[in-house]
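Participant: Below you'll find coords-v3.cif; it's mmCIF, C-alpha atoms.
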```cif
data_run
loop_
_atom_site.group_PDB
_atom_site.id
_atom_site.type_symbol
_atom_site.label_atom_id
_atom_site.label_comp_id
_atom_site.auth_asym_id
_atom_site.auth_seq_id
_atom_site.Cartn_x
_atom_site.Cartn_y
_atom_site.Cartn_z
ATOM 1 C CA MET A 519 7.168 116.210 -74.147
ATOM 2 C CA SER A 520 9.863 118.362 -72.562
ATOM 3 C CA GLU A 521 9.839 119.334 -68.901
ATOM 4 C CA GLY A 522 9.356 122.973 -69.896
ATOM 5 C CA ALA A 523 6.311 122.146 -71.995
ATOM 6 C CA VAL A 524 4.811 120.132 -69.146
ATOM 7 C CA GLY A 525 5.438 123.021 -66.762
ATOM 8 C CA GLY A 526 3.857 125.498 -69.179
ATOM 9 C CA ARG A 527 0.762 123.354 -69.552
ATOM 10 C CA ARG A 528 0.492 123.005 -65.774
ATOM 11 C CA GLN A 529 0.701 126.798 -65.373
ATOM 12 C CA ARG A 530 -2.039 127.343 -67.935
ATOM 13 C CA THR A 531 -4.206 124.734 -66.234
ATOM 14 C CA ASP A 532 -3.655 126.330 -62.831
ATOM 15 C CA LYS A 533 -4.405 129.764 -64.269
ATOM 16 C CA GLN A 534 -7.675 128.573 -65.795
ATOM 17 C CA ARG A 535 -8.594 126.794 -62.580
ATOM 18 C CA ASN A 536 -7.978 129.988 -60.583
ATOM 19 C CA ARG A 537 -10.055 132.032 -63.030
ATOM 20 C CA THR A 538 -12.958 129.586 -62.890
ATOM 21 C CA HIS A 539 -12.824 129.474 -59.092
ATOM 22 C CA ILE A 540 -12.774 133.275 -58.812
ATOM 23 C CA LEU A 541 -15.801 133.525 -61.106
ATOM 24 C CA GLU A 542 -17.712 130.978 -59.034
ATOM 25 C CA VAL A 543 -16.930 132.852 -55.829
ATOM 26 C CA ALA A 544 -17.712 136.246 -57.379
ATOM 27 C CA GLU A 545 -21.066 134.946 -58.675
ATOM 28 C CA GLU A 546 -22.010 133.887 -55.167
ATOM 29 C CA PHE A 547 -20.599 137.053 -53.582
ATOM 30 C CA PHE A 548 -22.373 139.490 -55.912
ATOM 31 C CA ALA A 549 -25.629 137.549 -55.492
ATOM 32 C CA GLU A 550 -25.339 138.082 -51.735
ATOM 33 C CA GLN A 551 -23.784 141.547 -51.526
ATOM 34 C CA GLY A 552 -24.623 143.235 -54.829
ATOM 35 C CA ILE A 553 -22.007 144.415 -57.275
ATOM 36 C CA THR A 554 -20.626 147.118 -54.976
ATOM 37 C CA GLY A 555 -19.079 144.515 -52.700
ATOM 38 C CA SER A 556 -15.331 144.706 -52.128
ATOM 39 C CA MET A 557 -13.069 143.147 -54.746
ATOM 40 C CA ASP A 558 -10.552 142.369 -51.996
ATOM 41 C CA ALA A 559 -13.303 140.519 -50.119
ATOM 42 C CA ILE A 560 -13.896 138.384 -53.204
ATOM 43 C CA ALA A 561 -10.185 137.555 -53.381
ATOM 44 C CA LYS A 562 -10.161 136.661 -49.690
ATOM 45 C CA ARG A 563 -13.210 134.414 -50.028
ATOM 46 C CA ALA A 564 -11.645 132.749 -53.080
ATOM 47 C CA GLY A 565 -8.445 132.103 -51.136
ATOM 48 C CA VAL A 566 -6.242 134.066 -53.530
ATOM 49 C CA GLY A 567 -4.279 137.268 -53.210
ATOM 50 C CA PRO A 568 -5.646 140.557 -54.602
ATOM 51 C CA GLY A 569 -2.857 140.501 -57.185
ATOM 52 C CA THR A 570 -4.100 137.184 -58.570
ATOM 53 C CA LEU A 571 -7.652 138.525 -58.781
ATOM 54 C CA TYR A 572 -6.572 141.694 -60.596
ATOM 55 C CA ARG A 573 -4.360 139.784 -63.020
ATOM 56 C CA HIS A 574 -7.431 137.906 -64.173
ATOM 57 C CA PHE A 575 -9.880 140.803 -63.860
ATOM 58 C CA PRO A 576 -8.215 144.245 -63.810
ATOM 59 C CA THR A 577 -11.490 146.046 -63.028
ATOM 60 C CA ARG A 578 -14.882 145.345 -61.522
ATOM 61 C CA GLU A 579 -16.370 145.838 -64.993
ATOM 62 C CA ALA A 580 -14.087 143.140 -66.422
ATOM 63 C CA LEU A 581 -15.226 140.739 -63.699
ATOM 64 C CA LEU A 582 -18.876 141.589 -64.350
ATOM 65 C CA ALA A 583 -18.416 141.134 -68.095
ATOM 66 C CA ALA A 584 -17.000 137.650 -67.506
ATOM 67 C CA LEU A 585 -19.833 136.760 -65.129
ATOM 68 C CA LEU A 586 -22.455 137.982 -67.574
ATOM 69 C CA GLN A 587 -21.021 136.027 -70.507
ATOM 70 C CA ALA A 588 -23.077 132.913 -69.749
ATOM 71 C CA ARG A 589 -26.181 135.056 -69.300
ATOM 72 C CA ASP A 590 -25.377 136.831 -72.570
ATOM 73 C CA GLU A 591 -25.502 133.454 -74.301
ATOM 74 C CA GLU A 592 -28.835 132.647 -72.642
ATOM 75 C CA LEU A 593 -30.265 136.002 -73.710
ATOM 76 C CA GLU A 594 -29.020 135.464 -77.254
ATOM 77 C CA ALA A 595 -30.772 132.087 -77.278
ATOM 78 C CA ARG A 596 -33.975 133.826 -76.133
ATOM 79 C CA ARG A 597 -33.612 136.309 -79.001
ATOM 80 C CA VAL A 598 -33.277 133.518 -81.549
ATOM 81 C CA ALA A 599 -36.304 131.687 -80.126
ATOM 82 C CA ILE A 600 -38.474 134.809 -80.132
ATOM 83 C CA GLN A 601 -37.564 135.723 -83.698
ATOM 84 C CA ARG A 602 -38.187 132.149 -84.816
ATOM 85 C CA ASP A 603 -41.428 131.430 -82.974
ATOM 86 C CA VAL A 604 -43.256 134.740 -82.394
ATOM 87 C CA THR A 605 -44.838 136.205 -85.503
ATOM 88 C CA ASP A 606 -46.688 139.095 -83.837
ATOM 89 C CA SER A 607 -44.251 142.030 -83.652
ATOM 90 C CA ARG A 608 -45.926 143.542 -80.584
ATOM 91 C CA ALA A 609 -45.659 140.281 -78.664
ATOM 92 C CA ALA A 610 -42.089 139.750 -79.874
ATOM 93 C CA LEU A 611 -40.977 143.162 -78.600
ATOM 94 C CA THR A 612 -42.745 142.549 -75.286
ATOM 95 C CA GLN A 613 -41.064 139.165 -74.825
ATOM 96 C CA TRP A 614 -37.649 140.562 -75.720
ATOM 97 C CA LEU A 615 -38.006 143.382 -73.180
ATOM 98 C CA GLN A 616 -39.036 140.823 -70.542
ATOM 99 C CA ALA A 617 -35.928 138.773 -71.313
ATOM 100 C CA LEU A 618 -33.800 141.911 -71.203
ATOM 101 C CA ASN A 619 -35.275 142.865 -67.837
ATOM 102 C CA GLU A 620 -34.315 139.474 -66.403
ATOM 103 C CA TRP A 621 -30.773 139.954 -67.715
ATOM 104 C CA VAL A 622 -30.267 143.403 -66.153
ATOM 105 C CA THR A 623 -31.487 142.193 -62.755
ATOM 106 C CA ALA A 624 -28.953 139.358 -62.500
ATOM 107 C CA PHE A 625 -27.234 141.190 -59.628
ATOM 108 C CA ASP A 626 -28.341 144.006 -57.355
ATOM 109 C CA GLY A 627 -26.875 147.275 -58.615
ATOM 110 C CA LEU A 628 -26.078 145.988 -62.114
ATOM 111 C CA PRO A 629 -28.088 148.653 -64.026
ATOM 112 C CA GLU A 630 -25.654 151.444 -63.094
ATOM 113 C CA PRO A 631 -22.452 150.002 -64.648
ATOM 114 C CA LEU A 632 -24.471 148.979 -67.695
ATOM 115 C CA ARG A 633 -25.736 152.549 -68.062
ATOM 116 C CA ALA A 634 -22.220 153.892 -67.605
ATOM 117 C CA ALA A 635 -20.906 151.447 -70.203
ATOM 118 C CA LEU A 636 -23.182 152.971 -72.844
ATOM 119 C CA SER A 637 -21.758 156.450 -72.270
ATOM 120 C CA GLU A 638 -18.113 155.593 -71.596
ATOM 121 C CA GLY A 639 -17.542 153.189 -74.458
ATOM 122 C CA THR A 640 -14.300 151.851 -72.934
ATOM 123 C CA SER A 641 -15.944 149.535 -70.415
ATOM 124 C CA PRO A 642 -15.739 145.779 -71.106
ATOM 125 C CA LEU A 643 -19.531 145.869 -70.818
ATOM 126 C CA ALA A 644 -19.938 148.418 -73.636
ATOM 127 C CA ILE A 645 -19.870 145.963 -76.552
ATOM 128 C CA THR A 646 -22.411 143.705 -74.861
ATOM 129 C CA CYS A 647 -24.746 146.602 -74.111
ATOM 130 C CA GLN A 648 -24.523 148.031 -77.610
ATOM 131 C CA GLY A 649 -25.280 144.640 -79.096
ATOM 132 C CA PHE A 650 -28.467 144.362 -77.063
ATOM 133 C CA VAL A 651 -29.436 147.930 -77.955
ATOM 134 C CA THR A 652 -29.171 146.952 -81.629
ATOM 135 C CA THR A 653 -31.326 143.873 -81.016
ATOM 136 C CA THR A 654 -33.906 146.031 -79.238
ATOM 137 C CA GLU A 655 -33.937 148.360 -82.246
ATOM 138 C CA ASP A 656 -34.601 145.387 -84.536
ATOM 139 C CA PHE A 657 -37.618 144.245 -82.507
ATOM 140 C CA LEU A 658 -38.840 147.821 -82.125
ATOM 141 C CA GLY A 659 -38.463 148.564 -85.831
ATOM 142 C CA ALA A 660 -40.650 145.579 -86.729
ATOM 143 C CA ALA A 661 -43.323 146.729 -84.260
ATOM 144 C CA GLN A 662 -43.190 150.273 -85.616
ATOM 145 C CA ARG A 663 -43.612 149.088 -89.195
ATOM 146 C CA ASP A 664 -46.703 147.171 -88.090
ATOM 147 C CA GLY A 665 -48.077 150.196 -86.267
ATOM 148 C CA ALA A 666 -47.691 148.451 -82.900
ATOM 149 C CA ALA A 667 -45.181 150.934 -81.426
ATOM 150 C CA GLN A 668 -44.934 154.705 -81.410
ATOM 151 C CA PRO A 669 -42.766 155.995 -84.284
ATOM 152 C CA TRP A 670 -40.760 158.330 -82.046
ATOM 153 C CA VAL A 671 -39.515 155.585 -79.710
ATOM 154 C CA ARG A 672 -35.846 154.544 -80.017
ATOM 155 C CA GLY A 673 -34.286 151.214 -79.128
ATOM 156 C CA ARG A 674 -31.637 152.946 -77.039
ATOM 157 C CA ASP A 675 -34.355 154.621 -74.973
ATOM 158 C CA LEU A 676 -36.132 151.308 -74.413
ATOM 159 C CA PHE A 677 -32.856 149.754 -73.243
ATOM 160 C CA LEU A 678 -32.226 152.676 -70.870
ATOM 161 C CA SER A 679 -35.822 152.477 -69.640
ATOM 162 C CA THR A 680 -35.286 148.808 -68.852
ATOM 163 C CA LEU A 681 -32.206 149.739 -66.815
ATOM 164 C CA ALA A 682 -34.139 152.497 -65.037
ATOM 165 C CA THR A 683 -37.008 150.131 -64.243
ATOM 166 C CA ALA A 684 -34.585 147.550 -62.865
ATOM 167 C CA TRP A 685 -32.959 150.206 -60.683
ATOM 168 C CA ALA A 686 -36.262 151.627 -59.413
ATOM 169 C CA ARG A 687 -37.623 148.229 -58.365
ATOM 170 C CA GLY A 688 -34.842 148.062 -55.767
ATOM 171 C CA ALA A 689 -35.520 151.523 -54.357
ATOM 172 C CA VAL A 690 -36.617 151.920 -50.736
ATOM 173 C CA MET A 691 -40.074 153.169 -51.761
ATOM 174 C CA ALA A 692 -40.722 150.198 -54.073
ATOM 175 C CA ASP A 693 -43.035 147.392 -52.960
ATOM 176 C CA GLU A 694 -43.984 143.997 -54.364
ATOM 177 C CA SER A 695 -46.298 145.524 -56.975
ATOM 178 C CA SER A 696 -43.708 148.000 -58.258
ATOM 179 C CA PRO A 697 -41.920 145.770 -60.818
ATOM 180 C CA ASP A 698 -45.072 144.928 -62.786
ATOM 181 C CA ALA A 699 -46.358 148.493 -62.506
ATOM 182 C CA LEU A 700 -43.084 149.933 -63.775
ATOM 183 C CA VAL A 701 -42.916 147.542 -66.719
ATOM 184 C CA SER A 702 -46.524 148.373 -67.613
ATOM 185 C CA LEU A 703 -45.785 152.073 -67.297
ATOM 186 C CA MET A 704 -42.823 151.794 -69.630
ATOM 187 C CA ARG A 705 -44.890 149.884 -72.162
ATOM 188 C CA THR A 706 -47.950 152.140 -72.264
ATOM 189 C CA GLY A 707 -46.474 155.500 -71.332
ATOM 190 C CA TRP A 708 -47.956 157.786 -68.732
ATOM 191 C CA GLU A 709 -49.498 160.423 -70.994
ATOM 192 C CA THR A 710 -52.866 159.843 -72.620
ATOM 193 C CA PRO A 711 -53.715 161.602 -75.912
ATOM 194 C CA ALA A 712 -55.263 165.013 -75.345
ATOM 195 C CA ARG A 713 -58.962 165.208 -76.074
ATOM 196 C CA GLU A 714 -60.025 167.382 -78.948
ATOM 197 C CA THR A 715 -62.757 169.780 -77.908
ATOM 198 C CA ALA A 716 -63.165 171.611 -81.194
ATOM 199 C CA PRO A 717 -65.077 169.840 -83.994
ATOM 200 C CA ARG A 718 -63.203 169.085 -87.197
ATOM 201 C CA ASN A 719 -64.314 169.497 -90.760
ATOM 202 C CA ALA A 720 -64.212 166.840 -93.470
ATOM 203 C CA LYS A 721 -60.532 167.545 -94.125
ATOM 204 C CA GLY A 722 -59.604 166.951 -90.500
ATOM 205 C CA LEU A 723 -58.958 170.620 -89.737
ATOM 206 C CA SER A 724 -60.217 172.259 -86.585
ATOM 207 C CA ARG A 725 -63.052 174.744 -87.032
ATOM 208 C CA ALA A 726 -62.177 176.598 -83.839
#
```
Since I need it in another form, could you write the structure as structure tokens?
Facilitator:
Amino acid sequence: MSEGAVGGRRQRTDKQRNRTHILEVAEEFFAEQGITGSMDAIAKRAGVGPGTLYRHFPTREALLAALLQARDEELEARRVAIQRDVTDSRAALTQWLQALNEWVTAFDGLPEPLRAALSEGTSPLAITCQGFVTTTEDFLGAAQRDGAAQPWVRGRDLFLSTLATAWARGAVMADESSPDALVSLMRTGWETPARETAPRNAKGLSRA
């Protein structure tokens, strides 16, 4: 092997090692500080220059997308398991939304860039988000066909509601009971059917 080839392989190895190290440091940093923490602070903690960090991850969204990749694979495995093992469509949708909720709470502040990714379309997170919206629609569609979910509900709205719930649980006014209450509220809805006061005839029409 030529000296140039050896040098090229060493550069690629060093580059991959730097990338892996930055991801490990960023994982720890975002877990401590939330995703709004300084990118320069991540570079400093990793012992690399800002230029090296930005060569690997040009934007915060690109760094987040790389960090979420392993979690994406875990969530995809959950999807496969639910579709394989859960025959009740209501339970399947519930379990998928629980898995999705765990995914969007990986880091403090994560719901906001995920929400933005859905509207911007150019974010590295956009493809991931859209894929999970489609999966949510699949689970929802099965529940709707079985009469287990309201026909007007959309998968996109359920995904956004999951983001909103994840955001709200970190609000100042939230307490330890808020997460479960918010998930329950999203599932059942806050409005109860209006009572009918006027009697109906045999055809179901109001006599009032």
Participant: Tell me which residues the PyMOL selection byres ((chain A and resi 684) around 8) grabs here, as an MDAnalysis selection string.
Facilitator: chainID A and resid 619 622:623 629 680:683 685:688 697
Participant: Take the residues from that selection and write them out as a PDB file, keeping the file's coordinate frame, keeping C-alpha atoms.
Facilitator:
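Output file part.pdb follows:
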```pdb
ATOM      1  CA  ASN A 619     -35.275 142.865 -67.837  1.00  0.00           C
ATOM      2  CA  VAL A 622     -30.267 143.403 -66.153  1.00  0.00           C
ATOM      3  CA  THR A 623     -31.487 142.193 -62.755  1.00  0.00           C
ATOM      4  CA  PRO A 629     -28.088 148.653 -64.026  1.00  0.00           C
ATOM      5  CA  THR A 680     -35.286 148.808 -68.852  1.00  0.00           C
ATOM      6  CA  LEU A 681     -32.206 149.739 -66.815  1.00  0.00           C
ATOM      7  CA  ALA A 682     -34.139 152.497 -65.037  1.00  0.00           C
ATOM      8  CA  THR A 683     -37.008 150.131 -64.243  1.00  0.00           C
ATOM      9  CA  TRP A 685     -32.959 150.206 -60.683  1.00  0.00           C
ATOM     10  CA  ALA A 686     -36.262 151.627 -59.413  1.00  0.00           C
ATOM     11  CA  ARG A 687     -37.623 148.229 -58.365  1.00  0.00           C
ATOM     12  CA  GLY A 688     -34.842 148.062 -55.767  1.00  0.00           C
ATOM     13  CA  PRO A 697     -41.920 145.770 -60.818  1.00  0.00           C
TER      14      PRO A 697
END
```
Participant: CA of Glu545 (chain A) and CA of Ala595 (chain A) are how many Å apart?
Facilitator: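 Those two atoms sit 21.2 Å apart.
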Participant: Between CA of Phe657 (chain A) and CA of Ala580 (chain A), what is the distance in Å, rounded to a tenth?
Facilitator: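 Interatomic distance, CA of Phe657 (chain A) to CA of Ala580 (chain A): 28.5 Å.
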Participant: How many Å separate CA of His574 (chain A) from CA of Pro642 (chain A)?
Facilitator: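 Going from CA of His574 (chain A) over to CA of Pro642 (chain A), I get 13.4 Å.
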Participant: Determine the nearest neighbour of Ala588 (chain A) from the options A:Thr646, A:Ser641, A:Thr654, A:Thr706, counting all atoms listed in the file.
Facilitator: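 With all atoms listed in the file as the atom set, the closest residue is A:Thr646.
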Participant: Around all listed atoms of region 541-555 of chain A, padded 5 Å per side, what centre and edge lengths does the axis-aligned box have in Å to one decimal, as JSON?
Facilitator:
```
{"center_x": -20.7, "center_y": 139.0, "center_z": -56.3, "size_x": 19.8, "size_y": 26.1, "size_z": 19.6}
```
Participant: With a distance cut-off of 9 Å and all atoms listed in the file, select the neighbouring residues of Ile600 (chain A), excluding the residue or stretch itself and same-chain residues fewer than 6 positions from it, and output the selection as an MDAnalysis selection string.
Facilitator: chainID A and resid 610:611 613:614
Participant: Using all atoms listed in the file, collect all residues at a distance of at most 9 Å from (-5.6, 136.5, -58.8) as written in the file, then present them as a compact mmCIF listing (two decimals) with C-alpha atoms, in the frame of the given file.
Facilitator:
```txt
# COMPACT_ATOMS: atom_id res chain seq x y z
CA LYS A 533 -4.40 129.76 -64.27
CA ASN A 536 -7.98 129.99 -60.58
CA ARG A 537 -10.06 132.03 -63.03
CA ILE A 540 -12.77 133.28 -58.81
CA ALA A 561 -10.18 137.56 -53.38
CA VAL A 566 -6.24 134.07 -53.53
CA GLY A 567 -4.28 137.27 -53.21
CA PRO A 568 -5.65 140.56 -54.60
CA GLY A 569 -2.86 140.50 -57.18
CA THR A 570 -4.10 137.18 -58.57
CA LEU A 571 -7.65 138.52 -58.78
CA TYR A 572 -6.57 141.69 -60.60
CA ARG A 573 -4.36 139.78 -63.02
CA HIS A 574 -7.43 137.91 -64.17
CA PHE A 575 -9.88 140.80 -63.86
```
Participant: Mind checking which residues fall within 9 Å of Leu676 (chain A), counting all atoms listed in the file, ignoring those fewer than 3 positions away in the same chain, and posting them as a PyMOL selection string?
Facilitator: chain A and resi 615+651+654-655+658+671-673+679-681+704
Participant: Would you mind telling me which residue in A:Glu579, A:Arg663, A:Gln534, A:Leu700 lies nearest to Glu638 (chain A) when using only C-alpha atoms?
Facilitator: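 Using only C-alpha atoms, Glu638 (chain A) sits closest to A:Glu579.
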Participant: Extract, using only C-alpha atoms, all DNA, RNA and protein residues at most 8 Å from Ser607 (chain A), discarding same-chain residues fewer than 2 positions from it, and format them as a list in words.
Facilitator: Val604, Thr605, Ala609, Ala610, Leu611, Phe657, Ala660, Ala661, Asp664 and Ala666 of chain A
Participant: Take the residues from that selection and put them in a file with C-alpha atoms, as a PDB file, in the coordinates of the input.
Facilitator:
```pdb
ATOM      1  CA  VAL A 604     -43.256 134.740 -82.394  1.00  0.00           C
ATOM      2  CA  THR A 605     -44.838 136.205 -85.503  1.00  0.00           C
ATOM      3  CA  ALA A 609     -45.659 140.281 -78.664  1.00  0.00           C
ATOM      4  CA  ALA A 610     -42.089 139.750 -79.874  1.00  0.00           C
ATOM      5  CA  LEU A 611     -40.977 143.162 -78.600  1.00  0.00           C
ATOM      6  CA  PHE A 657     -37.618 144.245 -82.507  1.00  0.00           C
ATOM      7  CA  ALA A 660     -40.650 145.579 -86.729  1.00  0.00           C
ATOM      8  CA  ALA A 661     -43.323 146.729 -84.260  1.00  0.00           C
ATOM      9  CA  ASP A 664     -46.703 147.171 -88.090  1.00  0.00           C
ATOM     10  CA  ALA A 666     -47.691 148.451 -82.900  1.00  0.00           C
TER      11      ALA A 666
END
```
Participant: Which residue is closest to Lys562 (chain A)? Choose from A:Thr577, A:Val543, A:Thr538, A:Pro669 and count only C-alpha atoms.
Facilitator: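 Using only C-alpha atoms, the shortest distance to Lys562 (chain A) belongs to A:Val543.
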Participant: Go through A:Gln601, A:Ser702, A:Gln551, A:Thr652 one by one, measure the shortest atom-to-atom distance of each to Asp675 (chain A) using only C-alpha atoms, and give the residue with the smallest value.
Facilitator: A:Thr652
Participant: Take the PyMOL selection byres ((chain A and resi 546) around 12), apply it to the structure above, and return the hits as a ChimeraX atom specification.
Facilitator: /A:539-545,547-553,555,560,563-564,585,624-625
